[in-house]
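Everything below belongs to model_21.cif, which stores mmCIF, N, CA and C atoms.
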data_start
loop_
_atom_site.label_atom_id
_atom_site.label_comp_id
_atom_site.auth_asym_id
_atom_site.auth_seq_id
_atom_site.Cartn_x
_atom_site.Cartn_y
_atom_site.Cartn_z
N MET A 1 80.30 166.45 5.54
CA MET A 1 79.24 165.49 5.73
C MET A 1 78.06 166.14 6.43
N LYS A 2 78.34 166.98 7.42
CA LYS A 2 77.25 167.64 8.14
C LYS A 2 76.51 168.61 7.23
N LYS A 3 77.23 169.25 6.31
CA LYS A 3 76.58 170.17 5.39
C LYS A 3 75.61 169.44 4.48
N VAL A 4 76.00 168.27 4.00
CA VAL A 4 75.14 167.49 3.12
C VAL A 4 73.89 167.05 3.87
N LEU A 5 74.05 166.59 5.10
CA LEU A 5 72.92 166.17 5.91
C LEU A 5 71.98 167.34 6.17
N TRP A 6 72.54 168.47 6.55
CA TRP A 6 71.75 169.66 6.82
C TRP A 6 70.99 170.12 5.57
N LEU A 7 71.67 170.08 4.43
CA LEU A 7 71.05 170.49 3.17
C LEU A 7 69.90 169.54 2.82
N ALA A 8 70.09 168.25 3.01
CA ALA A 8 69.05 167.28 2.70
C ALA A 8 67.83 167.47 3.61
N LEU A 9 68.07 167.70 4.89
CA LEU A 9 66.96 167.91 5.82
C LEU A 9 66.19 169.19 5.51
N SER A 10 66.91 170.25 5.22
CA SER A 10 66.23 171.51 4.92
C SER A 10 65.47 171.42 3.60
N ALA A 11 66.01 170.70 2.62
CA ALA A 11 65.31 170.53 1.35
C ALA A 11 64.03 169.73 1.57
N GLY A 12 64.09 168.73 2.43
CA GLY A 12 62.90 167.93 2.73
C GLY A 12 61.81 168.74 3.39
N LEU A 13 62.20 169.65 4.26
CA LEU A 13 61.21 170.49 4.93
C LEU A 13 60.59 171.49 3.97
N VAL A 14 61.39 172.00 3.05
CA VAL A 14 60.88 172.98 2.08
C VAL A 14 59.91 172.30 1.13
N ILE A 15 60.25 171.09 0.69
CA ILE A 15 59.38 170.37 -0.25
C ILE A 15 58.08 169.97 0.42
N ALA A 16 58.15 169.47 1.66
CA ALA A 16 56.95 169.03 2.36
C ALA A 16 56.05 170.22 2.67
N GLY A 17 56.62 171.28 3.17
CA GLY A 17 55.86 172.48 3.48
C GLY A 17 54.81 172.26 4.55
N PRO A 18 54.15 173.30 4.96
CA PRO A 18 53.11 173.16 5.98
C PRO A 18 51.85 172.53 5.37
N ALA A 19 51.10 171.83 6.19
CA ALA A 19 49.86 171.22 5.73
C ALA A 19 48.85 172.33 5.48
N GLN A 20 48.19 172.27 4.34
CA GLN A 20 47.22 173.28 3.98
C GLN A 20 45.84 172.66 3.97
N GLY A 21 44.91 173.34 4.57
CA GLY A 21 43.53 172.85 4.57
C GLY A 21 42.87 173.21 3.27
N GLY A 22 41.98 172.39 2.85
CA GLY A 22 41.26 172.64 1.61
C GLY A 22 39.86 172.07 1.73
N GLU A 23 39.11 172.23 0.66
CA GLU A 23 37.77 171.69 0.69
C GLU A 23 37.80 170.19 0.44
N PRO A 24 36.87 169.45 1.00
CA PRO A 24 36.86 167.99 0.81
C PRO A 24 36.57 167.66 -0.66
N PRO A 25 37.04 166.50 -1.13
CA PRO A 25 36.81 166.14 -2.52
C PRO A 25 35.33 165.93 -2.81
N THR A 26 34.95 166.30 -4.01
CA THR A 26 33.56 166.13 -4.42
C THR A 26 33.35 164.71 -4.92
N ASN A 27 32.12 164.40 -5.30
CA ASN A 27 31.83 163.05 -5.78
C ASN A 27 32.54 162.73 -7.08
N SER A 28 32.85 163.73 -7.88
CA SER A 28 33.54 163.48 -9.15
C SER A 28 35.02 163.19 -8.93
N GLN A 29 35.54 163.55 -7.76
CA GLN A 29 36.94 163.29 -7.45
C GLN A 29 37.04 162.12 -6.48
N SER A 30 38.13 161.39 -6.60
CA SER A 30 38.34 160.29 -5.67
C SER A 30 38.90 160.83 -4.37
N VAL A 31 39.13 159.95 -3.42
CA VAL A 31 39.64 160.35 -2.12
C VAL A 31 41.04 160.94 -2.25
N THR A 32 41.83 160.46 -3.22
CA THR A 32 43.18 160.97 -3.41
C THR A 32 43.18 162.34 -4.06
N GLY A 33 42.03 162.78 -4.55
CA GLY A 33 41.96 164.10 -5.16
C GLY A 33 42.28 164.08 -6.64
N LYS A 34 42.49 162.91 -7.20
CA LYS A 34 42.82 162.82 -8.62
C LYS A 34 41.58 162.32 -9.35
N PRO A 35 41.04 163.12 -10.26
CA PRO A 35 39.85 162.69 -10.98
C PRO A 35 40.18 161.54 -11.94
N GLY A 36 39.22 160.65 -12.13
CA GLY A 36 39.37 159.57 -13.09
C GLY A 36 40.00 158.32 -12.53
N ILE A 37 40.35 158.28 -11.24
CA ILE A 37 40.94 157.09 -10.65
C ILE A 37 39.82 156.30 -9.98
N ASP A 38 39.71 155.04 -10.36
CA ASP A 38 38.65 154.17 -9.84
C ASP A 38 39.08 153.61 -8.49
N GLN A 39 38.29 153.85 -7.46
CA GLN A 39 38.63 153.37 -6.11
C GLN A 39 38.33 151.89 -5.95
N SER A 40 37.55 151.29 -6.85
CA SER A 40 37.28 149.87 -6.74
C SER A 40 38.49 149.04 -7.18
N ASP A 41 39.44 149.66 -7.86
CA ASP A 41 40.67 149.01 -8.30
C ASP A 41 41.86 149.81 -7.76
N PRO A 42 42.18 149.62 -6.46
CA PRO A 42 43.21 150.45 -5.83
C PRO A 42 44.62 150.15 -6.36
N VAL A 43 45.48 151.14 -6.21
CA VAL A 43 46.87 151.00 -6.61
C VAL A 43 47.66 150.36 -5.48
N GLU A 44 48.46 149.36 -5.83
CA GLU A 44 49.31 148.65 -4.87
C GLU A 44 50.76 148.85 -5.28
N CYS A 45 51.61 149.19 -4.34
CA CYS A 45 53.03 149.33 -4.61
C CYS A 45 53.79 148.18 -3.96
N ARG A 46 54.71 147.60 -4.72
CA ARG A 46 55.52 146.50 -4.22
C ARG A 46 56.98 146.83 -4.47
N LYS A 47 57.83 146.33 -3.57
CA LYS A 47 59.26 146.57 -3.69
C LYS A 47 59.96 145.30 -4.12
N PHE A 48 60.89 145.43 -5.07
CA PHE A 48 61.67 144.32 -5.57
C PHE A 48 63.14 144.68 -5.46
N GLN A 49 63.92 143.74 -4.96
CA GLN A 49 65.36 143.98 -4.84
C GLN A 49 66.02 143.76 -6.19
N GLU A 50 66.87 144.70 -6.59
CA GLU A 50 67.58 144.60 -7.85
C GLU A 50 68.57 143.44 -7.79
N ILE A 51 68.64 142.68 -8.85
CA ILE A 51 69.58 141.56 -8.92
C ILE A 51 70.99 142.12 -9.03
N GLY A 52 71.89 141.59 -8.22
CA GLY A 52 73.28 142.03 -8.25
C GLY A 52 73.59 143.16 -7.29
N SER A 53 72.60 143.59 -6.52
CA SER A 53 72.81 144.66 -5.57
C SER A 53 72.11 144.32 -4.26
N ARG A 54 72.77 144.62 -3.17
CA ARG A 54 72.15 144.36 -1.87
C ARG A 54 71.31 145.54 -1.40
N LEU A 55 71.56 146.71 -1.96
CA LEU A 55 70.91 147.91 -1.45
C LEU A 55 69.85 148.49 -2.39
N LYS A 56 69.99 148.29 -3.68
CA LYS A 56 69.10 148.92 -4.63
C LYS A 56 67.75 148.20 -4.66
N ILE A 57 66.69 148.95 -4.47
CA ILE A 57 65.34 148.40 -4.47
C ILE A 57 64.51 149.16 -5.49
N LYS A 58 63.76 148.42 -6.29
CA LYS A 58 62.90 149.01 -7.30
C LYS A 58 61.47 148.95 -6.80
N ARG A 59 60.76 150.05 -6.87
CA ARG A 59 59.38 150.12 -6.42
C ARG A 59 58.47 150.19 -7.64
N VAL A 60 57.50 149.27 -7.69
CA VAL A 60 56.58 149.20 -8.82
C VAL A 60 55.17 149.38 -8.29
N CYS A 61 54.43 150.30 -8.89
CA CYS A 61 53.05 150.56 -8.48
C CYS A 61 52.12 150.24 -9.65
N LEU A 62 51.19 149.32 -9.42
CA LEU A 62 50.18 148.93 -10.40
C LEU A 62 48.85 148.77 -9.68
N THR A 63 47.78 148.74 -10.47
CA THR A 63 46.47 148.49 -9.86
C THR A 63 46.36 147.02 -9.51
N LYS A 64 45.39 146.71 -8.68
CA LYS A 64 45.21 145.33 -8.23
C LYS A 64 44.94 144.41 -9.42
N SER A 65 44.13 144.85 -10.36
CA SER A 65 43.83 144.02 -11.53
C SER A 65 45.07 143.83 -12.40
N GLN A 66 45.94 144.83 -12.48
CA GLN A 66 47.18 144.68 -13.25
C GLN A 66 48.12 143.68 -12.58
N TRP A 67 48.19 143.68 -11.23
CA TRP A 67 49.01 142.70 -10.52
C TRP A 67 48.48 141.29 -10.76
N GLU A 68 47.15 141.14 -10.75
CA GLU A 68 46.56 139.83 -10.99
C GLU A 68 46.84 139.34 -12.41
N ALA A 69 46.74 140.24 -13.39
CA ALA A 69 47.04 139.89 -14.78
C ALA A 69 48.52 139.50 -14.92
N GLN A 70 49.39 140.23 -14.24
CA GLN A 70 50.83 139.92 -14.29
C GLN A 70 51.10 138.55 -13.69
N ALA A 71 50.47 138.23 -12.57
CA ALA A 71 50.66 136.92 -11.94
C ALA A 71 50.12 135.81 -12.83
N ARG A 72 48.98 136.06 -13.49
CA ARG A 72 48.40 135.07 -14.39
C ARG A 72 49.32 134.83 -15.60
N ASP A 73 49.86 135.90 -16.17
CA ASP A 73 50.78 135.77 -17.30
C ASP A 73 52.06 135.04 -16.90
N ASP A 74 52.59 135.36 -15.73
CA ASP A 74 53.80 134.69 -15.24
C ASP A 74 53.55 133.19 -15.06
N ARG A 75 52.40 132.85 -14.49
CA ARG A 75 52.07 131.45 -14.26
C ARG A 75 51.93 130.71 -15.59
N MET A 76 51.29 131.35 -16.58
CA MET A 76 51.13 130.73 -17.90
C MET A 76 52.48 130.50 -18.56
N ASN A 77 53.39 131.44 -18.43
CA ASN A 77 54.73 131.29 -19.00
C ASN A 77 55.50 130.15 -18.33
N ILE A 78 55.36 130.03 -17.01
CA ILE A 78 56.03 128.94 -16.30
C ILE A 78 55.49 127.60 -16.75
N GLU A 79 54.16 127.48 -16.82
CA GLU A 79 53.55 126.22 -17.26
C GLU A 79 53.94 125.88 -18.69
N ARG A 80 53.97 126.89 -19.56
CA ARG A 80 54.34 126.68 -20.95
C ARG A 80 55.79 126.18 -21.06
N SER A 81 56.68 126.76 -20.27
CA SER A 81 58.08 126.33 -20.33
C SER A 81 58.26 124.94 -19.74
N GLN A 82 57.47 124.58 -18.73
CA GLN A 82 57.57 123.25 -18.16
C GLN A 82 57.07 122.18 -19.12
N VAL A 83 56.02 122.48 -19.87
CA VAL A 83 55.48 121.54 -20.85
C VAL A 83 56.44 121.41 -22.04
N ALA A 84 57.01 122.52 -22.45
CA ALA A 84 57.90 122.52 -23.62
C ALA A 84 59.28 121.99 -23.31
N ARG A 85 59.58 121.72 -22.06
CA ARG A 85 60.91 121.26 -21.67
C ARG A 85 61.28 119.97 -22.40
N GLY A 86 60.36 119.03 -22.52
CA GLY A 86 60.63 117.76 -23.16
C GLY A 86 60.61 117.83 -24.68
N ILE A 87 60.06 118.90 -25.22
CA ILE A 87 59.95 119.04 -26.67
C ILE A 87 61.13 119.87 -27.17
N GLY A 88 61.79 119.39 -28.21
CA GLY A 88 62.92 120.13 -28.76
C GLY A 88 63.48 119.43 -29.97
N PRO A 89 64.42 120.05 -30.66
CA PRO A 89 65.01 119.42 -31.84
C PRO A 89 65.81 118.18 -31.45
N ASN A 90 65.69 117.13 -32.26
CA ASN A 90 66.41 115.88 -32.00
C ASN A 90 67.65 115.78 -32.82
#
Output the file's structure in the form of structure tokens.
Amino acid sequence: MKKVLWLALSAGLVIAGPAQGGEPPTNSQSVTGKPGIDQSDPVECRKFQEIGSRLKIKRVCLTKSQWEAQARDDRMNIERSQVARGIGPN
């Protein structure tokens, strides 16, 4: 058990590595350093618990406008199912 813990810690340090200084991003690059990402529509990450598991968590990252579109679509589906509840084959 100690070997696994030690291996995980050392792997984390190797992956993280020392902080390296660099030149600041230019106007064509965003603050994150990735070109083409619009800062007016930031990325939001949300965590959702997996159904049937107490420990498993799914992380979903979308832009703010994508989250709003998802909420709008979900609301429309709920309203549609509530209206259609009374309609069905006789």
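Proximity ranking of A:Ser65, A:Gln82, A:Asn77, A:Gln70 relative to Gln39 of chain A places A:Ser65 first, based on only C-alpha atoms.
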From atom N of Ser81 of chain A to atom C of Val60 of chain A the spacing works out at 25.6 Å
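Here the PyMOL selection byres ((chain A and resi 61) around 6.5) catches exactly these residues: Val43, Glu44, Cys45, Arg46, Arg59, Val60, Leu62 and Thr63 of chain A.
The spacing separating atom CA of Ile51 of chain A from atom C of Met76 of chain A amounts to 22.5 Å.
If you look at atom CA of Ser40 of chain A and atom CA of Asp73 of chain A, they are 22.2 Å away from each other.
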